[in-house]
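S.K.: Structure provided below as structure tokens; questions to follow.
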Amino acid sequence: MPTPRYDPLSRALHWLTAIAVTVAFILGPGGFGRMMRKGIDPATRLDIVWHESLGLLVLALTLARLLWVALRPGKPRFEMAAWMHGLSKLVHGVLWALMLALPATALLALGSEHHPLTLLGGVRVDEFPWIAGSRLGEAADWGDVHGLLGDVLMWLAGLHALAALYHHFLRRDGVLAAMLPWQIKR
């Protein structure tokens with residue numbers, strides 16, 4: 001018999017990722033490349049340090065989540081139209097891809113533009129020689145790609161949240177309740 005809720009680890013990883021993505025997006029400095037070209041050291045900007053640290057946390061959480069999805073005993077199943085299942089799979093797949101692509105494009109942007117990676121605790125990686133001057137590094141303006149993908153992720157996550165609210169308030173099928181950290185009655 002399927003469980004009515006996701007397991008505690010799935011719920012914790014989901015919400016930690018959602019919080020980290022949202023805060024990283026809010027702290028994402030507009031005009032990052034322009035600031036660096038003006039000689040601003042990113043280590044002096046707490047928003048940049050937090051943005052980059054949270055970006056790597058999102059990557060680590062996403063990899064942990066993917067591993068757990070492969071290993072977990074099962075997940076709740078809900079009765080819904082085939083198109084809803086298909087759309088759900090598509091949206092989740094795109095969200096997963098974006099959470100992997102955003103840190104990759106950030107590193108490509110830093111490496112191709114010769115900017116350091118600055119993290120909490122004073123950790124700093126000044127150069128990415130395998131990116132700088134490479135064909136991949138020069139294939140696009142990776143900072144612009146990163147910004148665009150960040151916007152797409154937030155819009156898609158917002159639609160994901162609206163769909164969960166639709167399931168909760170209109171369909172009353174337990175989809176939202178299955179992922180909430182606390183139990184609620186349907």
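By convention here, the chains of the structure tokens are called A, B, ... in the order presented, each chain's residues are numbered starting at 1, and ligands are numbered starting at 1 in the order presented.
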Which residues of region 19-91 of chain A come within 7 Å of region 110-132 of chain A, and what is each one's closest atom pair and distance in Å (one decimal), counting only C-alpha atoms, sorted by chain and residue number, as a tab-separated table?
M.R.:
residue	atom	partner	partner_atom	distance
A:Pro42	CA	A:Thr118	CA	6.7
A:Ala43	CA	A:Thr118	CA	5.8
A:Val49	CA	A:Leu119	CA	5.0
A:Trp50	CA	A:Leu120	CA	6.7
A:Glu52	CA	A:Leu119	CA	6.2
A:Ser53	CA	A:Leu119	CA	5.0
S.K.: Go ahead and save the residues from that selection, with all heavy atoms, as a PDB file, in the first residue's frame.
M.R.:
ATOM      1  N   PRO A  42      34.852  40.332  -5.052  1.00  0.00           N
ATOM      2  CA  PRO A  42      33.604  39.701  -4.614  1.00  0.00           C
ATOM      3  C   PRO A  42      33.628  39.286  -3.146  1.00  0.00           C
ATOM      4  O   PRO A  42      32.581  39.189  -2.509  1.00  0.00           O
ATOM      5  CB  PRO A  42      33.443  38.500  -5.536  1.00  0.00           C
ATOM      6  CG  PRO A  42      34.785  38.255  -6.099  1.00  0.00           C
ATOM      7  CD  PRO A  42      35.502  39.560  -6.115  1.00  0.00           C
ATOM      8  N   ALA A  43      34.809  39.057  -2.596  1.00  0.00           N
ATOM      9  CA  ALA A  43      34.904  38.663  -1.191  1.00  0.00           C
ATOM     10  C   ALA A  43      34.471  39.799  -0.264  1.00  0.00           C
ATOM     11  O   ALA A  43      34.154  39.562   0.904  1.00  0.00           O
ATOM     12  CB  ALA A  43      36.329  38.229  -0.853  1.00  0.00           C
ATOM     13  N   VAL A  49      29.135  36.426  -1.669  1.00  0.00           N
ATOM     14  CA  VAL A  49      29.662  35.283  -0.915  1.00  0.00           C
ATOM     15  C   VAL A  49      28.521  34.328  -0.547  1.00  0.00           C
ATOM     16  O   VAL A  49      28.638  33.109  -0.722  1.00  0.00           O
ATOM     17  CB  VAL A  49      30.435  35.759   0.332  1.00  0.00           C
ATOM     18  CG1 VAL A  49      30.819  34.591   1.215  1.00  0.00           C
ATOM     19  CG2 VAL A  49      31.677  36.555  -0.076  1.00  0.00           C
ATOM     20  N   TRP A  50      27.411  34.868  -0.062  1.00  0.00           N
ATOM     21  CA  TRP A  50      26.270  34.019   0.285  1.00  0.00           C
ATOM     22  C   TRP A  50      25.659  33.381  -0.965  1.00  0.00           C
ATOM     23  O   TRP A  50      25.303  32.204  -0.955  1.00  0.00           O
ATOM     24  CB  TRP A  50      25.209  34.815   1.041  1.00  0.00           C
ATOM     25  CG  TRP A  50      25.446  34.820   2.515  1.00  0.00           C
ATOM     26  CD1 TRP A  50      26.045  35.796   3.254  1.00  0.00           C
ATOM     27  CD2 TRP A  50      25.114  33.778   3.431  1.00  0.00           C
ATOM     28  NE1 TRP A  50      26.100  35.427   4.572  1.00  0.00           N
ATOM     29  CE2 TRP A  50      25.530  34.193   4.712  1.00  0.00           C
ATOM     30  CE3 TRP A  50      24.503  32.534   3.286  1.00  0.00           C
ATOM     31  CZ2 TRP A  50      25.357  33.398   5.843  1.00  0.00           C
ATOM     32  CZ3 TRP A  50      24.322  31.755   4.420  1.00  0.00           C
ATOM     33  CH2 TRP A  50      24.746  32.186   5.675  1.00  0.00           C
ATOM     34  N   GLU A  52      27.068  32.588  -3.827  1.00  0.00           N
ATOM     35  CA  GLU A  52      27.920  31.513  -4.334  1.00  0.00           C
ATOM     36  C   GLU A  52      27.947  30.320  -3.379  1.00  0.00           C
ATOM     37  O   GLU A  52      27.935  29.167  -3.825  1.00  0.00           O
ATOM     38  CB  GLU A  52      29.323  32.050  -4.609  1.00  0.00           C
ATOM     39  CG  GLU A  52      29.320  33.037  -5.769  1.00  0.00           C
ATOM     40  CD  GLU A  52      30.672  33.638  -6.096  1.00  0.00           C
ATOM     41  OE1 GLU A  52      31.656  33.380  -5.371  1.00  0.00           O
ATOM     42  OE2 GLU A  52      30.749  34.368  -7.104  1.00  0.00           O
ATOM     43  N   SER A  53      27.956  30.581  -2.077  1.00  0.00           N
ATOM     44  CA  SER A  53      27.938  29.488  -1.098  1.00  0.00           C
ATOM     45  C   SER A  53      26.627  28.717  -1.175  1.00  0.00           C
ATOM     46  O   SER A  53      26.617  27.480  -1.156  1.00  0.00           O
ATOM     47  CB  SER A  53      28.141  30.046   0.320  1.00  0.00           C
ATOM     48  OG  SER A  53      29.405  30.673   0.436  1.00  0.00           O
TER      49      SER A  53
END
S.K.: Considering only C-alpha atoms, return as a list in words whatever protein or nucleic-acid residues lie within 10 Å of His14 (chain A), sequence-local ones (same chain, fewer than 6 positions apart) excluded.
M.R.: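 These residues fall inside the cut-off: Pro8, Leu61, Thr62, Arg65, Met179, Leu180 and Pro181 of chain A.
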S.K.: Give me the residues within 8 Å of region 141-146 of chain A as a ChimeraX atom specification, counting only C-alpha atoms and dropping any in the same chain fewer than 5 places off.
M.R.: /A:33,102,105-106,108-110,112
S.K.: For Gly147 (chain A), which of A:Ala24, A:Met84, A:Leu66, A:Leu159 is the closest residue, counting only C-alpha atoms?
M.R.: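 Comparing A:Ala24, A:Met84, A:Leu66, A:Leu159 against Gly147 (chain A), the winner is A:Ala24.
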S.K.: Please, which residues of region 20-129 of chain A, numbered as in this document, come out alpha helix (DSSP H) from DSSP, as an mmCIF file with N, CA, C and O atoms, in the first residue's frame?
M.R.:
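Generated file (out_23.cif):
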data_model
loop_
_atom_site.group_PDB
_atom_site.id
_atom_site.type_symbol
_atom_site.label_atom_id
_atom_site.label_comp_id
_atom_site.auth_asym_id
_atom_site.auth_seq_id
_atom_site.Cartn_x
_atom_site.Cartn_y
_atom_site.Cartn_z
ATOM 1 N N ALA A 20 17.196 27.325 0.065
ATOM 2 C CA ALA A 20 18.513 27.720 -0.456
ATOM 3 C C ALA A 20 18.394 28.357 -1.839
ATOM 4 O O ALA A 20 19.043 29.377 -2.113
ATOM 5 N N VAL A 21 17.557 27.789 -2.710
ATOM 6 C CA VAL A 21 17.367 28.340 -4.056
ATOM 7 C C VAL A 21 16.764 29.742 -3.968
ATOM 8 O O VAL A 21 17.226 30.672 -4.640
ATOM 9 N N THR A 22 15.758 29.900 -3.142
ATOM 10 C CA THR A 22 15.080 31.197 -3.030
ATOM 11 C C THR A 22 16.013 32.268 -2.485
ATOM 12 O O THR A 22 16.085 33.375 -3.035
ATOM 13 N N VAL A 23 16.739 31.958 -1.427
ATOM 14 C CA VAL A 23 17.650 32.948 -0.843
ATOM 15 C C VAL A 23 18.791 33.260 -1.814
ATOM 16 O O VAL A 23 19.173 34.425 -1.976
ATOM 17 N N ALA A 24 19.327 32.244 -2.485
ATOM 18 C CA ALA A 24 20.392 32.484 -3.469
ATOM 19 C C ALA A 24 19.888 33.392 -4.586
ATOM 20 O O ALA A 24 20.610 34.294 -5.033
ATOM 21 N N PHE A 25 18.653 33.164 -5.028
ATOM 22 C CA PHE A 25 18.080 34.005 -6.079
ATOM 23 C C PHE A 25 17.948 35.447 -5.605
ATOM 24 O O PHE A 25 18.316 36.381 -6.318
ATOM 25 N N ILE A 26 17.430 35.630 -4.411
ATOM 26 C CA ILE A 26 17.253 36.981 -3.861
ATOM 27 C C ILE A 26 18.596 37.696 -3.733
ATOM 28 O O ILE A 26 18.709 38.885 -4.024
ATOM 29 N N LEU A 27 19.619 36.969 -3.317
ATOM 30 C CA LEU A 27 20.936 37.573 -3.109
ATOM 31 C C LEU A 27 21.773 37.647 -4.375
ATOM 32 O O LEU A 27 22.861 38.207 -4.358
ATOM 33 N N PHE A 32 26.841 41.375 -11.902
ATOM 34 C CA PHE A 32 28.026 40.799 -11.246
ATOM 35 C C PHE A 32 29.286 41.034 -12.073
ATOM 36 O O PHE A 32 30.286 41.530 -11.564
ATOM 37 N N GLY A 33 29.233 40.689 -13.359
ATOM 38 C CA GLY A 33 30.407 40.845 -14.219
ATOM 39 C C GLY A 33 30.860 42.296 -14.310
ATOM 40 O O GLY A 33 32.056 42.599 -14.276
ATOM 41 N N ARG A 34 29.892 43.212 -14.414
ATOM 42 C CA ARG A 34 30.206 44.634 -14.475
ATOM 43 C C ARG A 34 30.926 45.087 -13.199
ATOM 44 O O ARG A 34 31.904 45.824 -13.257
ATOM 45 N N MET A 35 30.466 44.603 -12.044
ATOM 46 C CA MET A 35 31.122 44.952 -10.780
ATOM 47 C C MET A 35 32.563 44.440 -10.759
ATOM 48 O O MET A 35 33.472 45.137 -10.325
ATOM 49 N N MET A 36 32.772 43.204 -11.224
ATOM 50 C CA MET A 36 34.109 42.625 -11.203
ATOM 51 C C MET A 36 35.044 43.376 -12.164
ATOM 52 O O MET A 36 36.202 43.595 -11.847
ATOM 53 N N ARG A 37 34.499 43.775 -13.327
ATOM 54 C CA ARG A 37 35.324 44.532 -14.288
ATOM 55 C C ARG A 37 35.709 45.902 -13.736
ATOM 56 O O ARG A 37 36.711 46.469 -14.142
ATOM 57 N N LEU A 46 29.061 40.637 0.760
ATOM 58 C CA LEU A 46 28.437 39.521 1.466
ATOM 59 C C LEU A 46 27.338 38.863 0.635
ATOM 60 O O LEU A 46 27.153 37.646 0.709
ATOM 61 N N ASP A 47 26.628 39.659 -0.189
ATOM 62 C CA ASP A 47 25.592 39.057 -1.032
ATOM 63 C C ASP A 47 26.191 38.068 -2.022
ATOM 64 O O ASP A 47 25.640 36.988 -2.260
ATOM 65 N N ILE A 48 27.354 38.391 -2.576
ATOM 66 C CA ILE A 48 28.010 37.495 -3.532
ATOM 67 C C ILE A 48 28.513 36.239 -2.821
ATOM 68 O O ILE A 48 28.327 35.121 -3.312
ATOM 69 N N VAL A 49 29.135 36.426 -1.669
ATOM 70 C CA VAL A 49 29.662 35.283 -0.915
ATOM 71 C C VAL A 49 28.521 34.328 -0.547
ATOM 72 O O VAL A 49 28.638 33.109 -0.722
ATOM 73 N N TRP A 50 27.411 34.868 -0.062
ATOM 74 C CA TRP A 50 26.270 34.019 0.285
ATOM 75 C C TRP A 50 25.659 33.381 -0.965
ATOM 76 O O TRP A 50 25.303 32.204 -0.955
ATOM 77 N N HIS A 51 25.521 34.150 -2.043
ATOM 78 C CA HIS A 51 24.947 33.625 -3.285
ATOM 79 C C HIS A 51 25.759 32.435 -3.788
ATOM 80 O O HIS A 51 25.205 31.383 -4.117
ATOM 81 N N GLU A 52 27.068 32.588 -3.827
ATOM 82 C CA GLU A 52 27.920 31.513 -4.334
ATOM 83 C C GLU A 52 27.947 30.320 -3.379
ATOM 84 O O GLU A 52 27.935 29.167 -3.825
ATOM 85 N N SER A 53 27.956 30.581 -2.077
ATOM 86 C CA SER A 53 27.938 29.488 -1.098
ATOM 87 C C SER A 53 26.627 28.717 -1.175
ATOM 88 O O SER A 53 26.617 27.480 -1.156
ATOM 89 N N LEU A 54 25.519 29.450 -1.274
ATOM 90 C CA LEU A 54 24.218 28.779 -1.389
ATOM 91 C C LEU A 54 24.100 28.026 -2.711
ATOM 92 O O LEU A 54 23.472 26.969 -2.773
ATOM 93 N N GLY A 55 24.705 28.566 -3.771
ATOM 94 C CA GLY A 55 24.693 27.858 -5.053
ATOM 95 C C GLY A 55 25.350 26.495 -4.955
ATOM 96 O O GLY A 55 24.834 25.497 -5.477
ATOM 97 N N LEU A 56 26.481 26.423 -4.271
ATOM 98 C CA LEU A 56 27.134 25.118 -4.084
ATOM 99 C C LEU A 56 26.337 24.231 -3.141
ATOM 100 O O LEU A 56 26.313 23.006 -3.316
ATOM 101 N N LEU A 57 25.668 24.838 -2.159
ATOM 102 C CA LEU A 57 24.790 24.051 -1.286
ATOM 103 C C LEU A 57 23.637 23.456 -2.094
ATOM 104 O O LEU A 57 23.288 22.281 -1.907
ATOM 105 N N VAL A 58 23.060 24.240 -2.996
ATOM 106 C CA VAL A 58 21.982 23.727 -3.854
ATOM 107 C C VAL A 58 22.485 22.541 -4.676
ATOM 108 O O VAL A 58 21.799 21.519 -4.800
ATOM 109 N N LEU A 59 23.686 22.656 -5.223
ATOM 110 C CA LEU A 59 24.258 21.542 -5.981
ATOM 111 C C LEU A 59 24.405 20.303 -5.105
ATOM 112 O O LEU A 59 23.996 19.204 -5.498
ATOM 113 N N ALA A 60 24.945 20.470 -3.911
ATOM 114 C CA ALA A 60 25.139 19.332 -3.001
ATOM 115 C C ALA A 60 23.791 18.724 -2.597
ATOM 116 O O ALA A 60 23.635 17.491 -2.589
ATOM 117 N N LEU A 61 22.821 19.574 -2.276
ATOM 118 C CA LEU A 61 21.491 19.070 -1.905
ATOM 119 C C LEU A 61 20.830 18.355 -3.077
ATOM 120 O O LEU A 61 20.186 17.317 -2.897
ATOM 121 N N THR A 62 20.989 18.888 -4.272
ATOM 122 C CA THR A 62 20.382 18.265 -5.457
ATOM 123 C C THR A 62 20.988 16.890 -5.710
ATOM 124 O O THR A 62 20.264 15.924 -5.982
ATOM 125 N N LEU A 63 22.305 16.794 -5.603
ATOM 126 C CA LEU A 63 22.946 15.486 -5.783
ATOM 127 C C LEU A 63 22.512 14.506 -4.697
ATOM 128 O O LEU A 63 22.240 13.328 -4.985
ATOM 129 N N ALA A 64 22.407 14.984 -3.453
ATOM 130 C CA ALA A 64 21.932 14.121 -2.360
ATOM 131 C C ALA A 64 20.492 13.683 -2.610
ATOM 132 O O ALA A 64 20.133 12.521 -2.381
ATOM 133 N N ARG A 65 19.670 14.596 -3.079
ATOM 134 C CA ARG A 65 18.271 14.265 -3.372
ATOM 135 C C ARG A 65 18.164 13.231 -4.480
ATOM 136 O O ARG A 65 17.363 12.296 -4.393
ATOM 137 N N LEU A 66 18.955 13.405 -5.543
ATOM 138 C CA LEU A 66 18.917 12.440 -6.645
ATOM 139 C C LEU A 66 19.350 11.053 -6.179
ATOM 140 O O LEU A 66 18.748 10.044 -6.563
ATOM 141 N N LEU A 67 20.366 11.017 -5.340
ATOM 142 C CA LEU A 67 20.805 9.743 -4.779
ATOM 143 C C LEU A 67 19.690 9.130 -3.930
ATOM 144 O O LEU A 67 19.395 7.939 -4.054
ATOM 145 N N TRP A 68 19.051 9.942 -3.100
ATOM 146 C CA TRP A 68 17.988 9.435 -2.231
ATOM 147 C C TRP A 68 16.776 8.983 -3.045
ATOM 148 O O TRP A 68 16.144 7.977 -2.719
ATOM 149 N N VAL A 69 16.448 9.693 -4.121
ATOM 150 C CA VAL A 69 15.337 9.275 -4.983
ATOM 151 C C VAL A 69 15.595 7.875 -5.529
ATOM 152 O O VAL A 69 14.686 7.052 -5.630
ATOM 153 N N ALA A 70 16.845 7.588 -5.850
ATOM 154 C CA ALA A 70 17.196 6.259 -6.381
ATOM 155 C C ALA A 70 17.151 5.184 -5.304
ATOM 156 O O ALA A 70 16.917 4.015 -5.612
ATOM 157 N N LEU A 71 17.355 5.571 -4.043
ATOM 158 C CA LEU A 71 17.461 4.584 -2.968
ATOM 159 C C LEU A 71 16.230 4.463 -2.069
ATOM 160 O O LEU A 71 16.058 3.432 -1.429
ATOM 161 N N ALA A 82 -3.979 11.379 -16.546
ATOM 162 C CA ALA A 82 -2.681 11.048 -17.148
ATOM 163 C C ALA A 82 -1.913 12.300 -17.549
ATOM 164 O O ALA A 82 -0.691 12.373 -17.383
ATOM 165 N N TRP A 83 -2.616 13.332 -18.040
ATOM 166 C CA TRP A 83 -1.927 14.558 -18.442
ATOM 167 C C TRP A 83 -1.297 15.245 -17.239
ATOM 168 O O TRP A 83 -0.245 15.861 -17.359
ATOM 169 N N MET A 84 -1.946 15.144 -16.061
ATOM 170 C CA MET A 84 -1.377 15.737 -14.852
ATOM 171 C C MET A 84 -0.107 15.002 -14.437
ATOM 172 O O MET A 84 0.883 15.630 -14.064
ATOM 173 N N HIS A 85 -0.138 13.686 -14.492
ATOM 174 C CA HIS A 85 1.067 12.904 -14.190
ATOM 175 C C HIS A 85 2.198 13.263 -15.150
ATOM 176 O O HIS A 85 3.346 13.465 -14.728
ATOM 177 N N GLY A 86 1.859 13.341 -16.434
ATOM 178 C CA GLY A 86 2.877 13.673 -17.431
ATOM 179 C C GLY A 86 3.457 15.065 -17.227
ATOM 180 O O GLY A 86 4.673 15.258 -17.274
ATOM 181 N N LEU A 87 2.582 16.036 -16.969
ATOM 182 C CA LEU A 87 3.042 17.401 -16.734
ATOM 183 C C LEU A 87 3.884 17.480 -15.463
ATOM 184 O O LEU A 87 4.904 18.168 -15.420
ATOM 185 N N SER A 88 3.476 16.743 -14.430
ATOM 186 C CA SER A 88 4.236 16.708 -13.178
ATOM 187 C C SER A 88 5.641 16.166 -13.411
ATOM 188 O O SER A 88 6.632 16.739 -12.938
ATOM 189 N N LYS A 89 5.739 15.080 -14.153
ATOM 190 C CA LYS A 89 7.061 14.502 -14.459
ATOM 191 C C LYS A 89 7.918 15.486 -15.253
ATOM 192 O O LYS A 89 9.113 15.637 -14.994
ATOM 193 N N LEU A 90 7.318 16.150 -16.224
ATOM 194 C CA LEU A 90 8.043 17.118 -17.032
ATOM 195 C C LEU A 90 8.563 18.280 -16.172
ATOM 196 O O LEU A 90 9.743 18.630 -16.240
ATOM 197 N N VAL A 91 7.693 18.851 -15.358
ATOM 198 C CA VAL A 91 8.090 19.983 -14.511
ATOM 199 C C VAL A 91 9.184 19.564 -13.535
ATOM 200 O O VAL A 91 10.184 20.266 -13.372
ATOM 201 N N HIS A 92 9.009 18.413 -12.908
ATOM 202 C CA HIS A 92 10.046 17.946 -11.972
ATOM 203 C C HIS A 92 11.373 17.700 -12.698
ATOM 204 O O HIS A 92 12.437 18.053 -12.182
ATOM 205 N N GLY A 93 11.313 17.119 -13.880
ATOM 206 C CA GLY A 93 12.538 16.880 -14.645
ATOM 207 C C GLY A 93 13.254 18.175 -14.998
ATOM 208 O O GLY A 93 14.478 18.272 -14.879
ATOM 209 N N VAL A 94 12.493 19.188 -15.407
ATOM 210 C CA VAL A 94 13.098 20.475 -15.748
ATOM 211 C C VAL A 94 13.668 21.140 -14.494
ATOM 212 O O VAL A 94 14.759 21.719 -14.518
ATOM 213 N N LEU A 95 12.945 21.053 -13.374
ATOM 214 C CA LEU A 95 13.468 21.614 -12.121
ATOM 215 C C LEU A 95 14.791 20.948 -11.733
ATOM 216 O O LEU A 95 15.746 21.631 -11.354
ATOM 217 N N TRP A 96 14.843 19.620 -11.819
ATOM 218 C CA TRP A 96 16.092 18.905 -11.511
ATOM 219 C C TRP A 96 17.213 19.379 -12.440
ATOM 220 O O TRP A 96 18.335 19.651 -11.987
ATOM 221 N N ALA A 97 16.925 19.465 -13.735
ATOM 222 C CA ALA A 97 17.950 19.882 -14.701
ATOM 223 C C ALA A 97 18.444 21.297 -14.398
ATOM 224 O O ALA A 97 19.652 21.570 -14.459
ATOM 225 N N LEU A 98 17.529 22.191 -14.053
ATOM 226 C CA LEU A 98 17.924 23.569 -13.739
ATOM 227 C C LEU A 98 18.783 23.635 -12.481
ATOM 228 O O LEU A 98 19.745 24.405 -12.423
ATOM 229 N N MET A 99 18.451 22.831 -11.484
ATOM 230 C CA MET A 99 19.241 22.862 -10.239
ATOM 231 C C MET A 99 20.644 22.296 -10.447
ATOM 232 O O MET A 99 21.548 22.585 -9.665
ATOM 233 N N LEU A 100 20.837 21.519 -11.486
ATOM 234 C CA LEU A 100 22.184 21.061 -11.847
ATOM 235 C C LEU A 100 22.867 22.045 -12.798
ATOM 236 O O LEU A 100 24.073 22.286 -12.700
ATOM 237 N N ALA A 101 22.093 22.627 -13.702
ATOM 238 C CA ALA A 101 22.669 23.535 -14.697
ATOM 239 C C ALA A 101 23.086 24.872 -14.097
ATOM 240 O O ALA A 101 24.081 25.461 -14.542
ATOM 241 N N LEU A 102 22.360 25.355 -13.107
ATOM 242 C CA LEU A 102 22.703 26.671 -12.547
ATOM 243 C C LEU A 102 24.092 26.708 -11.923
ATOM 244 O O LEU A 102 24.871 27.616 -12.234
ATOM 245 N N PRO A 103 24.470 25.761 -11.066
ATOM 246 C CA PRO A 103 25.849 25.798 -10.555
ATOM 247 C C PRO A 103 26.890 25.607 -11.670
ATOM 248 O O PRO A 103 27.945 26.241 -11.640
ATOM 249 N N ALA A 104 26.566 24.780 -12.664
ATOM 250 C CA ALA A 104 27.507 24.563 -13.774
ATOM 251 C C ALA A 104 27.710 25.857 -14.562
ATOM 252 O O ALA A 104 28.849 26.227 -14.877
ATOM 253 N N THR A 105 26.621 26.563 -14.868
ATOM 254 C CA THR A 105 26.761 27.811 -15.617
ATOM 255 C C THR A 105 27.438 28.891 -14.779
ATOM 256 O O THR A 105 28.147 29.742 -15.328
ATOM 257 N N ALA A 106 27.252 28.852 -13.472
ATOM 258 C CA ALA A 106 27.941 29.813 -12.598
ATOM 259 C C ALA A 106 29.449 29.588 -12.660
ATOM 260 O O ALA A 106 30.224 30.544 -12.796
ATOM 261 N N LEU A 107 29.862 28.336 -12.575
ATOM 262 C CA LEU A 107 31.301 28.035 -12.647
ATOM 263 C C LEU A 107 31.865 28.381 -14.024
ATOM 264 O O LEU A 107 32.986 28.893 -14.130
ATOM 265 N N LEU A 108 31.092 28.112 -15.068
ATOM 266 C CA LEU A 108 31.526 28.488 -16.415
ATOM 267 C C LEU A 108 31.669 30.006 -16.542
ATOM 268 O O LEU A 108 32.615 30.500 -17.155
ATOM 269 N N ALA A 109 30.731 30.745 -15.949
ATOM 270 C CA ALA A 109 30.808 32.208 -15.995
ATOM 271 C C ALA A 109 32.032 32.710 -15.237
ATOM 272 O O ALA A 109 32.779 33.551 -15.734
ATOM 273 N N LEU A 110 32.238 32.180 -14.042
ATOM 274 C CA LEU A 110 33.394 32.616 -13.243
ATOM 275 C C LEU A 110 34.701 32.300 -13.969
ATOM 276 O O LEU A 110 35.590 33.144 -14.051
ATOM 277 N N GLY A 111 34.806 31.086 -14.488
ATOM 278 C CA GLY A 111 36.038 30.678 -15.155
ATOM 279 C C GLY A 111 36.295 31.420 -16.446
ATOM 280 O O GLY A 111 37.423 31.846 -16.716
ATOM 281 N N SER A 112 35.270 31.609 -17.261
ATOM 282 C CA SER A 112 35.463 32.261 -18.553
ATOM 283 C C SER A 112 35.697 33.759 -18.406
ATOM 284 O O SER A 112 36.307 34.383 -19.267
#
S.K.: Excluding same-chain residues fewer than 4 positions from region 172-175 of chain A, what lies within 8 Å of it counting only C-alpha atoms, as a list in words?
M.R.: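 Everything that qualifies: Pro4, Phe78, Glu79, Ala164, His167, His168, Met179 and Arg186 of chain A.
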S.K.: The selected residues should be written to file as an mmCIF file, in the first residue's frame (atoms: all heavy atoms).
M.R.:
data_model
loop_
_atom_site.group_PDB
_atom_site.id
_atom_site.type_symbol
_atom_site.label_atom_id
_atom_site.label_comp_id
_atom_site.auth_asym_id
_atom_site.auth_seq_id
_atom_site.Cartn_x
_atom_site.Cartn_y
_atom_site.Cartn_z
ATOM 1 N N PRO A 4 1.000 7.761 2.402
ATOM 2 C CA PRO A 4 0.347 9.035 2.073
ATOM 3 C C PRO A 4 1.302 10.237 2.112
ATOM 4 O O PRO A 4 0.923 11.324 1.707
ATOM 5 C CB PRO A 4 -0.726 9.167 3.145
ATOM 6 C CG PRO A 4 -0.193 8.393 4.303
ATOM 7 C CD PRO A 4 0.609 7.266 3.708
ATOM 8 N N PHE A 78 -0.757 9.329 -6.262
ATOM 9 C CA PHE A 78 -2.050 10.003 -6.196
ATOM 10 C C PHE A 78 -2.829 9.759 -7.476
ATOM 11 O O PHE A 78 -2.261 9.729 -8.563
ATOM 12 C CB PHE A 78 -1.851 11.513 -5.991
ATOM 13 C CG PHE A 78 -1.105 11.833 -4.737
ATOM 14 C CD1 PHE A 78 0.262 12.051 -4.772
ATOM 15 C CD2 PHE A 78 -1.755 11.870 -3.516
ATOM 16 C CE1 PHE A 78 0.954 12.318 -3.609
ATOM 17 C CE2 PHE A 78 -1.065 12.140 -2.355
ATOM 18 C CZ PHE A 78 0.290 12.370 -2.396
ATOM 19 N N GLU A 79 -4.118 9.601 -7.310
ATOM 20 C CA GLU A 79 -5.003 9.434 -8.457
ATOM 21 C C GLU A 79 -5.182 10.785 -9.133
ATOM 22 O O GLU A 79 -5.581 11.755 -8.494
ATOM 23 C CB GLU A 79 -6.367 8.898 -8.015
ATOM 24 C CG GLU A 79 -6.344 7.466 -7.541
ATOM 25 C CD GLU A 79 -6.021 6.496 -8.669
ATOM 26 O OE1 GLU A 79 -6.485 6.711 -9.807
ATOM 27 O OE2 GLU A 79 -5.281 5.533 -8.401
ATOM 28 N N ALA A 164 0.739 22.899 -6.355
ATOM 29 C CA ALA A 164 0.562 22.234 -5.058
ATOM 30 C C ALA A 164 -0.627 22.840 -4.307
ATOM 31 O O ALA A 164 -1.422 22.112 -3.691
ATOM 32 C CB ALA A 164 1.837 22.351 -4.230
ATOM 33 N N HIS A 167 -3.812 21.584 -5.877
ATOM 34 C CA HIS A 167 -4.118 20.229 -5.409
ATOM 35 C C HIS A 167 -4.670 20.254 -3.989
ATOM 36 O O HIS A 167 -5.556 19.458 -3.650
ATOM 37 C CB HIS A 167 -2.864 19.342 -5.471
ATOM 38 C CG HIS A 167 -2.604 18.797 -6.830
ATOM 39 N ND1 HIS A 167 -3.219 17.669 -7.307
ATOM 40 C CD2 HIS A 167 -1.809 19.249 -7.829
ATOM 41 C CE1 HIS A 167 -2.812 17.433 -8.537
ATOM 42 N NE2 HIS A 167 -1.949 18.384 -8.878
ATOM 43 N N HIS A 168 -4.150 21.122 -3.167
ATOM 44 C CA HIS A 168 -4.582 21.149 -1.765
ATOM 45 C C HIS A 168 -5.978 21.746 -1.598
ATOM 46 O O HIS A 168 -6.829 21.159 -0.933
ATOM 47 C CB HIS A 168 -3.577 21.938 -0.929
ATOM 48 C CG HIS A 168 -3.911 21.934 0.525
ATOM 49 N ND1 HIS A 168 -3.784 20.813 1.311
ATOM 50 C CD2 HIS A 168 -4.388 22.907 1.334
ATOM 51 C CE1 HIS A 168 -4.151 21.098 2.544
ATOM 52 N NE2 HIS A 168 -4.532 22.361 2.585
ATOM 53 N N MET A 179 4.172 16.471 1.109
ATOM 54 C CA MET A 179 5.518 17.035 1.142
ATOM 55 C C MET A 179 5.713 18.040 2.277
ATOM 56 O O MET A 179 6.840 18.436 2.547
ATOM 57 C CB MET A 179 5.831 17.696 -0.199
ATOM 58 C CG MET A 179 7.272 18.149 -0.366
ATOM 59 S SD MET A 179 8.532 16.893 -0.003
ATOM 60 C CE MET A 179 8.645 16.033 -1.543
ATOM 61 N N ARG A 186 -6.494 16.369 5.436
ATOM 62 C CA ARG A 186 -6.972 16.721 4.091
ATOM 63 C C ARG A 186 -8.400 17.165 4.143
ATOM 64 O O ARG A 186 -9.199 16.769 4.877
ATOM 65 C CB ARG A 186 -6.877 15.516 3.171
ATOM 66 C CG ARG A 186 -5.471 15.133 2.886
ATOM 67 C CD ARG A 186 -5.363 14.293 1.672
ATOM 68 N NE ARG A 186 -5.605 12.891 1.975
ATOM 69 C CZ ARG A 186 -5.708 11.970 1.052
ATOM 70 N NH1 ARG A 186 -5.607 12.294 -0.203
ATOM 71 N NH2 ARG A 186 -5.916 10.732 1.348
#
S.K.: Write out as a ChimeraX atom specification all residues of chain A that backbone DSSP assigns to strand (DSSP E).
M.R.: /A:117-118,124-125
S.K.: Using the selection just defined, write its residues with C-alpha atoms as a compact mmCIF listing (two decimals), in the first residue's frame.
M.R.:
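Now in result15.txt:
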# COMPACT_ATOMS: atom_id res chain seq x y z
CA LEU A 117 34.64 31.83 -6.51
CA THR A 118 34.20 33.24 -3.01
CA ARG A 124 38.35 31.37 -2.41
CA VAL A 125 39.19 29.77 -5.74
